[in-house]
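Asks: Data file coords-v5.txt (compact mmCIF, C-alpha atoms) is appended below.
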```
# COMPACT_ATOMS: atom_id res chain seq x y z
CA MET H 1 90.88 71.45 102.20
CA ARG H 2 93.43 72.76 99.69
CA GLY H 3 95.97 75.50 100.28
CA THR H 4 99.52 76.66 99.67
CA ILE H 5 102.16 74.64 101.50
CA LEU H 6 105.80 75.59 101.98
CA VAL H 7 108.13 72.55 101.96
CA VAL H 8 111.57 73.05 103.52
CA ASP H 9 114.21 70.28 103.31
CA ASP H 10 117.89 70.24 102.40
CA GLU H 11 117.48 66.98 100.43
CA PRO H 12 116.26 67.64 96.84
CA ALA H 13 114.81 64.13 96.55
CA VAL H 14 112.62 64.67 99.63
CA ARG H 15 111.43 68.06 98.36
CA PHE H 16 110.53 66.54 94.98
CA THR H 17 108.66 63.59 96.49
CA VAL H 18 106.71 65.74 98.91
CA GLN H 19 105.91 68.31 96.24
CA GLN H 20 104.54 65.65 93.89
CA ALA H 21 102.46 64.08 96.66
CA LEU H 22 100.93 67.37 97.80
CA GLU H 23 100.29 68.73 94.31
CA SER H 24 98.49 65.50 93.42
CA ALA H 25 96.15 66.29 96.34
CA GLY H 26 95.38 69.72 94.86
CA HIS H 27 97.69 71.89 96.97
CA ALA H 28 99.98 74.60 95.62
CA VAL H 29 103.53 73.94 96.78
CA LEU H 30 106.44 76.29 97.47
CA THR H 31 109.88 74.82 98.19
CA ALA H 32 113.06 75.89 99.96
CA ALA H 33 116.35 74.13 100.65
CA ASN H 34 116.89 75.80 104.03
CA PRO H 35 115.22 78.19 106.49
CA ASP H 36 116.95 81.21 104.94
CA GLU H 37 115.28 80.47 101.60
CA ALA H 38 112.00 79.78 103.38
CA SER H 39 111.84 83.03 105.38
CA PRO H 40 110.66 85.32 102.52
CA GLN H 41 107.92 82.81 101.63
CA LEU H 42 106.30 82.48 105.05
CA GLY H 43 103.77 85.18 104.27
CA ALA H 44 102.61 83.40 101.10
CA CYS H 45 101.64 80.00 102.50
CA ASP H 46 98.88 78.39 104.55
CA ALA H 47 101.09 75.76 106.21
CA VAL H 48 104.76 74.82 106.51
CA LEU H 49 106.33 71.36 106.32
CA THR H 50 109.97 71.52 107.41
CA ASP H 51 112.73 69.08 108.18
CA LEU H 52 113.89 69.24 111.78
CA ALA H 53 117.61 68.59 111.24
CA MET H 54 119.29 70.80 108.62
CA PRO H 55 122.77 72.35 108.38
CA ARG H 56 123.35 75.84 109.82
CA ARG H 57 119.72 76.56 110.77
CA ASP H 58 117.35 73.82 111.83
CA GLY H 59 113.61 73.47 111.72
CA LEU H 60 113.19 74.81 115.24
CA SER H 61 114.62 78.19 114.23
CA LEU H 62 112.16 78.31 111.33
CA LEU H 63 109.34 77.32 113.71
CA ALA H 64 110.24 80.22 116.02
CA GLU H 65 110.36 82.64 113.09
CA ALA H 66 107.03 81.45 111.72
CA ARG H 67 105.38 81.69 115.15
CA SER H 68 106.69 85.23 115.56
CA ALA H 69 105.54 86.32 112.09
CA ASP H 70 102.12 84.62 112.26
CA PRO H 71 100.97 82.60 115.30
CA ASP H 72 98.17 81.09 113.22
CA LEU H 73 100.52 79.55 110.64
CA PRO H 74 100.72 75.77 111.30
CA VAL H 75 104.21 74.21 111.11
CA VAL H 76 104.63 70.45 110.67
CA LEU H 77 108.05 68.92 111.37
CA LEU H 78 109.77 66.07 109.55
CA THR H 79 112.02 64.07 111.86
CA ALA H 80 114.17 60.96 111.57
CA ARG H 81 113.35 57.84 113.56
CA GLY H 82 114.70 57.95 117.07
CA THR H 83 114.23 61.70 117.46
CA GLU H 84 110.50 61.70 118.17
CA ARG H 85 111.23 63.12 121.61
CA ASP H 86 112.67 66.23 119.93
CA ALA H 87 109.55 66.54 117.80
CA VAL H 88 107.26 66.29 120.82
CA SER H 89 109.34 69.00 122.52
CA ALA H 90 108.93 71.13 119.39
CA MET H 91 105.16 70.72 119.58
CA LYS H 92 105.30 72.23 123.04
CA LEU H 93 106.98 75.21 121.36
CA GLY H 94 104.05 75.58 119.00
CA ALA H 95 104.53 73.05 116.18
CA TYR H 96 101.22 71.77 114.79
CA ASP H 97 102.30 68.14 114.26
CA TYR H 98 105.22 65.96 113.17
CA LEU H 99 105.92 63.12 110.75
CA THR H 100 108.66 60.53 111.04
CA LYS H 101 110.88 59.66 108.06
CA PRO H 102 110.33 57.54 106.09
CA PHE H 103 106.72 58.68 105.96
CA VAL H 104 103.66 57.24 104.22
CA LEU H 105 102.40 59.55 101.49
CA GLU H 106 98.76 59.15 102.47
CA GLU H 107 99.61 60.11 106.03
CA LEU H 108 101.55 63.12 104.72
CA ARG H 109 98.56 64.29 102.68
CA ALA H 110 96.18 63.81 105.60
CA VAL H 111 98.35 65.70 108.10
CA MET H 112 98.91 68.63 105.73
CA ALA H 113 95.21 68.78 104.83
CA ARG H 114 94.39 69.04 108.54
CA ALA H 115 97.04 71.74 108.96
CA VAL H 116 95.57 73.83 106.14
CA GLU H 117 92.07 73.36 107.57
CA ALA H 118 93.31 74.40 111.02
CA ARG H 119 94.77 77.56 109.51
CA GLU H 120 91.43 78.41 107.91
CA LEU H 121 89.50 77.70 111.12
CA ARG H 122 91.85 79.90 113.15
CA ARG H 123 91.57 82.65 110.54
CA SER H 124 87.76 82.41 110.54
CA ALA H 125 87.59 82.52 114.33
CA ARG H 126 89.83 85.56 114.49
CA GLN H 127 87.86 87.24 111.74
CA LEU H 128 84.59 86.70 113.60
CA ALA H 129 86.12 88.10 116.78
CA ALA H 130 87.47 91.12 114.91
CA GLU H 131 84.15 91.69 113.15
CA ARG H 132 82.34 91.63 116.48
CA ALA H 133 84.79 94.20 117.83
CA MET H 134 84.46 96.37 114.72
CA GLY H 135 80.72 96.00 114.45
CA ARG H 136 80.91 95.19 110.73
CA PRO H 137 82.12 92.33 108.52
CA LEU H 138 85.23 91.97 106.38
CA VAL H 139 83.91 91.27 102.90
CA GLY H 140 86.28 89.98 100.23
CA GLU H 141 87.78 86.79 98.89
CA SER H 142 90.32 88.01 96.33
CA ALA H 143 94.03 87.34 96.76
CA ALA H 144 94.72 91.10 97.01
CA PHE H 145 92.16 91.53 99.79
CA ARG H 146 93.36 88.48 101.72
CA ARG H 147 96.97 89.68 101.54
CA LEU H 148 95.94 93.07 102.89
CA VAL H 149 93.95 91.54 105.75
CA ASP H 150 96.80 89.17 106.64
CA ASP H 151 99.32 92.05 106.61
CA ALA H 152 97.02 94.21 108.75
CA ARG H 153 96.59 91.39 111.29
CA ARG H 154 100.32 90.77 111.37
CA VAL H 155 101.21 94.41 112.01
CA ALA H 156 98.35 94.85 114.50
CA ARG H 157 100.28 92.85 117.07
CA ARG H 158 103.33 95.15 116.84
CA GLN H 159 103.57 98.52 118.55
CA VAL H 160 104.35 100.53 115.42
CA THR H 161 102.67 103.38 113.58
CA VAL H 162 100.97 102.38 110.34
CA LEU H 163 100.27 104.48 107.24
CA LEU H 164 97.37 103.32 105.07
CA ARG H 165 97.47 104.52 101.48
CA GLY H 166 94.66 104.16 98.99
CA GLU H 167 92.16 105.92 96.79
CA THR H 168 89.02 107.44 98.24
CA GLY H 169 86.38 104.83 98.96
CA THR H 170 88.67 101.79 99.12
CA GLY H 171 87.99 101.06 102.79
CA LYS H 172 91.01 102.46 104.62
CA GLU H 173 88.86 103.11 107.68
CA LEU H 174 87.88 99.42 107.79
CA VAL H 175 91.56 98.37 107.74
CA ALA H 176 92.32 100.84 110.54
CA SER H 177 89.48 99.34 112.59
CA LEU H 178 90.84 95.85 111.95
CA ILE H 179 94.32 96.87 113.14
CA HIS H 180 92.85 98.19 116.39
CA ALA H 181 90.54 95.19 116.87
CA GLU H 182 93.41 92.71 116.47
CA SER H 183 95.88 94.66 118.61
CA PRO H 184 96.61 94.32 122.34
CA ARG H 185 94.84 97.69 122.68
CA SER H 186 91.47 96.39 121.45
CA ALA H 187 89.81 96.82 124.87
CA ARG H 188 90.76 100.51 124.92
CA PRO H 189 89.26 103.37 122.82
CA CYS H 190 89.69 103.69 119.06
CA VAL H 191 89.31 107.39 118.30
CA ARG H 192 89.15 108.96 114.83
CA PHE H 193 90.29 112.44 113.84
CA ASN H 194 89.63 113.68 110.31
CA CYS H 195 92.48 116.05 109.49
CA ALA H 196 90.59 117.43 106.49
CA ALA H 197 87.35 118.22 108.34
CA ILE H 198 88.66 120.71 110.90
CA PRO H 199 89.78 124.28 110.06
CA ALA H 200 93.51 124.79 110.53
CA GLU H 201 93.03 127.28 113.36
CA LEU H 202 90.99 124.76 115.38
CA ALA H 203 92.94 121.60 114.55
CA GLU H 204 95.53 121.98 117.32
CA ALA H 205 92.92 122.44 120.05
CA GLU H 206 90.90 119.52 118.73
CA LEU H 207 93.90 117.21 118.49
CA PHE H 208 95.71 118.13 121.72
CA GLY H 209 92.95 119.76 123.77
CA HIS H 210 92.91 123.19 125.40
CA ALA H 211 92.91 124.84 128.82
CA LYS H 212 90.09 126.99 130.15
CA GLY H 213 90.40 130.53 128.76
CA ALA H 214 92.98 129.53 126.14
CA PHE H 215 91.02 131.47 123.52
CA THR H 216 87.69 133.22 123.09
CA GLY H 217 84.92 130.72 123.73
CA ALA H 218 87.10 128.30 125.74
CA VAL H 219 84.86 128.48 128.80
CA ALA H 220 86.11 125.12 130.10
CA ALA H 221 89.11 122.88 129.63
CA ARG H 222 88.66 120.19 126.97
CA ARG H 223 90.45 116.93 126.33
CA GLY H 224 91.78 116.51 122.81
CA TYR H 225 91.69 113.42 120.63
CA PHE H 226 95.11 112.26 121.84
CA SER H 227 93.92 112.25 125.43
CA GLN H 228 90.67 110.54 124.50
CA ALA H 229 92.66 107.76 122.80
CA ASP H 230 95.06 107.26 125.73
CA GLY H 231 95.83 103.55 126.03
CA GLY H 232 94.17 102.83 122.69
CA THR H 233 94.43 103.79 119.02
CA LEU H 234 94.17 107.18 117.32
CA VAL H 235 93.23 107.02 113.63
CA LEU H 236 94.30 110.13 111.71
CA ASP H 237 92.15 110.15 108.57
CA GLU H 238 93.55 112.11 105.60
CA VAL H 239 96.75 112.98 107.47
CA GLY H 240 98.09 114.59 104.30
CA GLU H 241 95.73 117.51 104.95
CA LEU H 242 97.25 118.29 108.36
CA PRO H 243 98.44 121.95 108.48
CA LEU H 244 102.20 122.28 108.13
CA THR H 245 102.36 124.39 111.30
CA LEU H 246 100.82 121.58 113.33
CA GLN H 247 103.07 118.82 112.03
CA PRO H 248 106.01 119.44 114.45
CA LYS H 249 103.64 119.00 117.42
CA LEU H 250 102.32 115.75 116.01
CA LEU H 251 105.90 114.60 115.52
CA ARG H 252 106.68 115.35 119.16
CA ALA H 253 103.63 113.42 120.30
CA LEU H 254 104.76 110.41 118.26
CA GLN H 255 108.41 110.59 119.31
CA GLU H 256 108.10 111.54 122.97
CA GLY H 257 104.57 110.48 123.88
CA GLU H 258 103.93 114.03 125.07
CA ILE H 259 101.28 116.61 124.19
CA GLN H 260 100.68 120.16 125.37
CA PRO H 261 97.08 121.39 125.29
CA VAL H 262 96.59 124.90 123.90
CA GLY H 263 97.02 127.44 126.69
CA ALA H 264 98.30 124.86 129.21
CA ALA H 265 101.58 125.33 131.08
CA ARG H 266 102.38 121.65 131.46
CA VAL H 267 102.83 118.78 129.03
CA GLU H 268 100.86 115.56 129.39
CA ARG H 269 102.09 112.01 128.87
CA VAL H 270 99.95 109.85 126.57
CA ASP H 271 100.19 106.24 125.44
CA VAL H 272 98.65 106.17 121.97
CA ARG H 273 99.15 103.96 118.93
CA VAL H 274 98.65 105.99 115.73
CA VAL H 275 97.25 104.65 112.46
CA ALA H 276 97.19 107.28 109.71
CA SER H 277 95.50 107.17 106.32
CA THR H 278 95.74 109.24 103.16
CA HIS H 279 94.68 109.20 99.52
CA ARG H 280 97.60 111.48 98.64
CA ASP H 281 101.18 110.63 97.69
CA LEU H 282 102.97 111.84 100.81
CA ARG H 283 106.39 111.27 99.23
CA ALA H 284 105.47 113.82 96.58
CA ALA H 285 104.11 116.14 99.28
CA VAL H 286 107.47 115.88 101.09
CA ALA H 287 109.34 116.71 97.87
CA GLU H 288 107.08 119.76 97.37
CA GLY H 289 107.60 120.96 100.95
CA ARG H 290 103.97 120.43 101.96
CA PHE H 291 104.69 117.62 104.43
CA ARG H 292 107.58 117.14 106.83
CA GLU H 293 109.94 114.35 105.84
CA ASP H 294 110.67 113.35 109.44
CA LEU H 295 106.96 113.12 110.20
CA TYR H 296 106.38 110.99 107.09
CA TYR H 297 108.98 108.45 108.17
CA ARG H 298 107.62 108.45 111.72
CA LEU H 299 104.10 107.70 110.43
CA ALA H 300 105.13 105.17 107.78
CA VAL H 301 107.04 102.69 109.93
CA VAL H 302 104.77 100.21 108.18
CA GLU H 303 102.99 101.32 105.02
CA LEU H 304 100.04 99.32 103.67
CA THR H 305 98.30 100.02 100.38
CA VAL H 306 94.56 99.38 100.18
CA PRO H 307 93.91 98.24 96.58
CA PRO H 308 91.25 99.91 94.42
CA LEU H 309 88.22 97.85 93.48
CA ARG H 310 89.40 97.53 89.87
CA ASP H 311 92.37 95.52 91.18
CA ARG H 312 90.15 93.12 93.15
CA ARG H 313 87.29 92.46 90.72
CA ASP H 314 86.79 88.98 92.18
CA ASP H 315 85.34 90.73 95.23
CA VAL H 316 82.62 92.61 93.33
CA PRO H 317 80.04 89.76 93.32
CA VAL H 318 80.69 89.13 97.03
CA LEU H 319 80.32 92.82 97.85
CA LEU H 320 77.17 93.04 95.72
CA GLU H 321 75.56 90.24 97.71
CA HIS H 322 76.63 91.80 101.00
CA PHE H 323 75.16 95.19 100.10
CA ARG H 324 72.04 93.58 98.57
CA ARG H 325 71.29 91.91 101.89
CA ARG H 326 71.95 95.08 103.86
CA TYR H 327 69.66 97.32 101.80
CA ALA H 328 67.03 94.66 101.16
CA ALA H 329 66.58 94.43 104.92
CA ARG H 330 66.61 98.22 105.27
CA PHE H 331 64.03 98.72 102.48
CA ASP H 332 61.94 95.63 103.38
CA LEU H 333 62.58 93.94 100.02
CA SER H 334 62.90 90.32 101.12
CA ASP H 335 62.60 88.87 97.57
CA VAL H 336 64.94 91.22 95.69
CA ARG H 337 67.87 89.61 93.89
CA PHE H 338 70.38 90.34 91.12
CA SER H 339 70.35 88.47 87.82
CA ASP H 340 73.57 86.84 86.63
CA ALA H 341 73.61 89.31 83.75
CA LEU H 342 73.44 92.30 86.10
CA VAL H 343 76.24 90.90 88.29
CA THR H 344 78.38 90.41 85.18
CA ALA H 345 77.72 93.95 83.99
CA LEU H 346 78.43 95.47 87.41
CA THR H 347 81.63 93.45 87.77
CA ALA H 348 82.88 94.79 84.44
CA ARG H 349 82.53 98.44 85.51
CA SER H 350 85.66 100.34 86.59
CA TRP H 351 84.18 101.83 89.83
CA PRO H 352 86.42 104.91 90.19
CA GLY H 353 84.74 105.60 93.55
CA ASN H 354 85.64 102.07 94.66
CA VAL H 355 83.67 100.17 97.33
CA ARG H 356 81.85 103.31 98.46
CA GLU H 357 80.55 103.93 94.93
CA LEU H 358 79.50 100.30 94.59
CA GLU H 359 77.56 100.46 97.85
CA ASN H 360 75.80 103.65 96.79
CA ALA H 361 74.92 102.04 93.45
CA VAL H 362 73.31 99.05 95.17
CA ALA H 363 71.42 101.34 97.53
CA ARG H 364 70.04 103.38 94.62
CA MET H 365 69.04 100.32 92.60
CA LEU H 366 67.16 98.80 95.52
CA ALA H 367 65.59 102.12 96.49
CA LEU H 368 64.11 102.32 92.98
CA SER H 369 63.08 98.65 92.94
CA ASP H 370 59.75 97.00 93.68
CA GLY H 371 61.50 93.74 94.50
CA GLY H 372 61.99 90.56 92.52
CA ALA H 373 64.83 89.94 90.08
CA LEU H 374 66.83 92.98 88.98
CA GLY H 375 68.24 92.75 85.47
CA VAL H 376 70.50 95.00 83.44
CA GLU H 377 67.72 97.56 83.10
CA ALA H 378 68.47 98.48 86.72
CA LEU H 379 72.02 99.40 85.66
CA ALA H 380 70.69 101.43 82.75
CA ARG H 381 68.44 103.38 85.14
CA LEU H 382 71.44 103.87 87.41
CA THR H 383 73.77 105.21 84.71
CA GLY H 384 71.32 106.81 82.34
CA ASP H 385 72.69 104.73 79.46
CA ALA H 386 70.60 102.77 77.01
CA PRO H 387 69.94 99.37 78.54
CA LEU H 388 72.11 96.44 77.65
CA GLU H 389 70.15 93.71 75.94
CA GLU H 390 69.06 90.82 78.11
CA PRO H 391 70.02 87.57 76.37
CA GLY H 392 67.11 85.40 75.42
CA GLY H 393 66.58 81.76 74.66
CA PRO H 394 68.16 78.78 76.35
CA GLN H 395 71.67 80.22 76.52
CA GLY H 396 74.05 79.03 79.21
CA LEU H 397 75.86 81.38 81.55
CA ARG H 398 79.03 81.28 79.42
CA GLN H 399 77.16 82.48 76.33
CA GLN H 400 75.39 85.18 78.33
CA VAL H 401 78.64 86.45 79.81
CA ALA H 402 80.25 86.51 76.36
CA GLY H 403 77.32 88.48 74.96
CA PHE H 404 77.45 91.05 77.73
CA GLU H 405 81.22 91.34 77.47
CA ARG H 406 80.86 92.10 73.75
CA GLN H 407 78.28 94.81 74.46
CA LEU H 408 80.45 96.35 77.18
CA LEU H 409 83.43 96.42 74.82
CA GLN H 410 81.38 98.09 72.12
CA ARG H 411 80.04 100.67 74.56
CA ALA H 412 83.50 101.46 75.94
CA LEU H 413 84.91 101.94 72.43
CA ALA H 414 81.98 104.18 71.46
CA ALA H 415 82.38 106.30 74.61
CA SER H 416 86.12 106.63 73.88
CA ASP H 417 85.66 107.54 70.18
CA GLY H 418 87.55 104.39 69.25
CA ASN H 419 90.58 105.19 71.43
CA GLN H 420 91.64 101.77 72.65
CA SER H 421 93.82 103.05 75.50
CA GLU H 422 90.94 105.15 76.85
CA ALA H 423 88.51 102.24 76.44
CA ALA H 424 90.89 100.01 78.39
CA ARG H 425 91.09 102.63 81.15
CA ARG H 426 87.30 102.85 81.34
CA LEU H 427 87.01 99.08 81.65
CA GLY H 428 89.82 98.85 84.18
CA VAL H 429 91.98 96.47 82.10
CA SER H 430 95.32 96.76 80.35
CA ARG H 431 95.46 97.68 76.65
CA MET H 432 96.83 94.22 75.81
CA THR H 433 93.88 92.59 77.58
CA LEU H 434 91.48 94.83 75.66
CA LEU H 435 93.10 93.94 72.33
CA ASP H 436 92.87 90.25 73.18
CA LYS H 437 89.16 90.57 74.01
CA LEU H 438 88.45 92.61 70.87
CA LYS H 439 90.12 89.93 68.75
CA ARG H 440 88.17 87.18 70.55
CA HIS H 441 84.85 88.93 69.83
CA GLY H 442 85.75 89.91 66.28
CA LEU H 443 85.70 93.64 67.05
CA ARG H 444 88.07 96.30 65.74
```
Go through the file and emit its structure as structure tokens.
Replies:
Amino acid sequence: MRGTILVVDDEPAVRFTVQQALESAGHAVLTAANPDEASPQLGACDAVLTDLAMPRRDGLSLLAEARSADPDLPVVLLTARGTERDAVSAMKLGAYDYLTKPFVLEELRAVMARAVEARELRRSARQLAAERAMGRPLVGESAAFRRLVDDARRVARRQVTVLLRGETGTGKELVASLIHAESPRSARPCVRFNCAAIPAELAEAELFGHAKGAFTGAVAARRGYFSQADGGTLVLDEVGELPLTLQPKLLRALQEGEIQPVGAARVERVDVRVVASTHRDLRAAVAEGRFREDLYYRLAVVELTVPPLRDRRDDVPVLLEHFRRRYAARFDLSDVRFSDALVTALTARSWPGNVRELENAVARMLALSDGGALGVEALARLTGDAPLEEPGGPQGLRQQVAGFERQLLQRALAASDGNQSEAARRLGVSRMTLLDKLKRHGLR
């Protein structure tokens, strides 16, 4: 199995030799001369190969740092002859394996291949466990999606508030569920409160609860969302919509772990981890006086951005297959499938509504289908546009993709009245990329 390996050694000749050997086996290789240089790169690799004895900081300090940052990251130690006992002791501290200098290149390649495979197996096992806890799968293979998932898993283990930013429909609620499922609180409740769905005058009672007789209609005391989430996680969806008058009370709950139900004389202690999400720019809201600055910084101890679908196009075919299976089972369409041409056309769309829009599109196409292979005419029915032409004859996939790309470019230019910047925006690519594609297809 191939992956990205971080090589750490203070001897340039060793780094060069190891890099050449691992790259010849198909791995991507990062290098560092010491643990300080290696630290910023730990999050970008699948395995670490580090010398044990180095000036100032040794390999054991890097092992401890790597284990703290990501317990699933395998670390292999390089050690001189006569110090194998130190290496064995390091393995008890969590090292994956060790190699003795001078090492055999084939053995080096084999050990690092096993380390990368172990990383993937651990990641898969944890993902399955998290998916079981969440009740739904994590679907995506792009680098942007994997980085987000890795960051969410890393922060899940820390007792900090997290702010999830992203456009509507990107899947912020899925990331919040993952953070809870991978946290030490996973056996406790995960409660959601939509700050935009509750009228301002009721939000306080909903969030913090109320005493009997606190207001007209309060015929009994009621626990609020904070109390319901005690010991677990409270997800505050669209926190940017929270009324300004309620924000100081939320800040107190975060800072002191105390809430006061409406109409109650006493405060209550709660132990809640908060994950907030928003599609708004809260920094701008702070500057405009619509959101408290101190609350923003309390919520955004860690801030993660959920990328829009246009920035993770590699995931569109995977998502299409996932949603096809879901709705084929729901609509009893066991033989329905997407043609390569349809997948290509759907992948090229900008999807301003992100994953949610893509799911709805698949649901509509299958709801209108009688089964069998769905071609680009299904997209035309979906959008109301004239159908793209299905390529005929014995063309290969490359020729078909090129033909559809040309048609999509022509359609985007026509819809934009020839404005190249607008056409690029519609296609979800940069203007330079558009110009390159226009030149390749002989279009102006």
Asks: I'd like the contact shell of Leu443 (chain H) - 9 Å cut-off, all atoms listed in the file, skipping same-chain residues fewer than 5 positions apart - returned as a PyMOL selection string.
Replies: chain H and resi 406+409-410+437-438
Asks: Take CA of Leu309 (chain H) and CA of Gly26 (chain H) and report the distance between them in Å, one decimal.
Replies: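 Straight-line distance from CA of Leu309 (chain H) to CA of Gly26 (chain H) works out to 29.1 Å.
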Asks: Rank H:Ala378, H:Ala367, H:Thr305, H:Glu173 by their smallest atom-to-atom distance to Ala341 (chain H), using all atoms listed in the file, and report the top residue only.
Replies: H:Ala378
Asks: List the neighbours of region 263-279 of chain H out to 8 Å using only C-alpha atoms; skip same-chain residues closer than 4 positions along the sequence, and give me the result as number ranges by chain.
Replies: H: 159-168, 172-173, 176, 210-215, 226-227, 229-240, 254, 257-259, 299
Asks: For CA of Leu63 (chain H) and CA of Ala25 (chain H), quote the distance in Å rounded to one decimal.
Replies: 24.4 Å
Asks: In Å, with one decimal, what is the gap from CA of Pro12 (chain H) to CA of Ala53 (chain H)?
Replies: 14.5 Å
Asks: Nearest to Ile5 (chain H): which of H:His27, H:Arg153, H:Arg381, H:His322 is it, counting all atoms listed in the file?
Replies: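 Result for the nearest residue to Ile5 (chain H): H:His27.
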Asks: Go through H:Ala345, H:Cys45, H:Leu282, H:Ile179 one by one, measure the shortest atom-to-atom distance of each to Val29 (chain H) using all atoms listed in the file, and give the residue with the smallest value.
Replies: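 Closest to Val29 (chain H), using all atoms listed in the file: H:Cys45.
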Asks: My list of candidates is H:Ser24, H:Gln420, H:Thr4, H:Gln127. Which is closest to Leu73 (chain H) when distances are computed with only C-alpha atoms?
Replies: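 Result for the nearest residue to Leu73 (chain H): H:Thr4.
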Asks: So, with all atoms listed in the file as the atoms that count, which of H:Arg67, H:Arg154, H:Arg298, H:Arg188 lies closest to Val48 (chain H)?
Replies: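 Ranked by minimum distance to Val48 (chain H), first place goes to H:Arg67.
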Asks: Smallest atom-to-atom distance to Ala328 (chain H): which of H:Leu346, H:Val306, H:Leu366, H:Leu374, using only C-alpha atoms?
Replies: H:Leu366
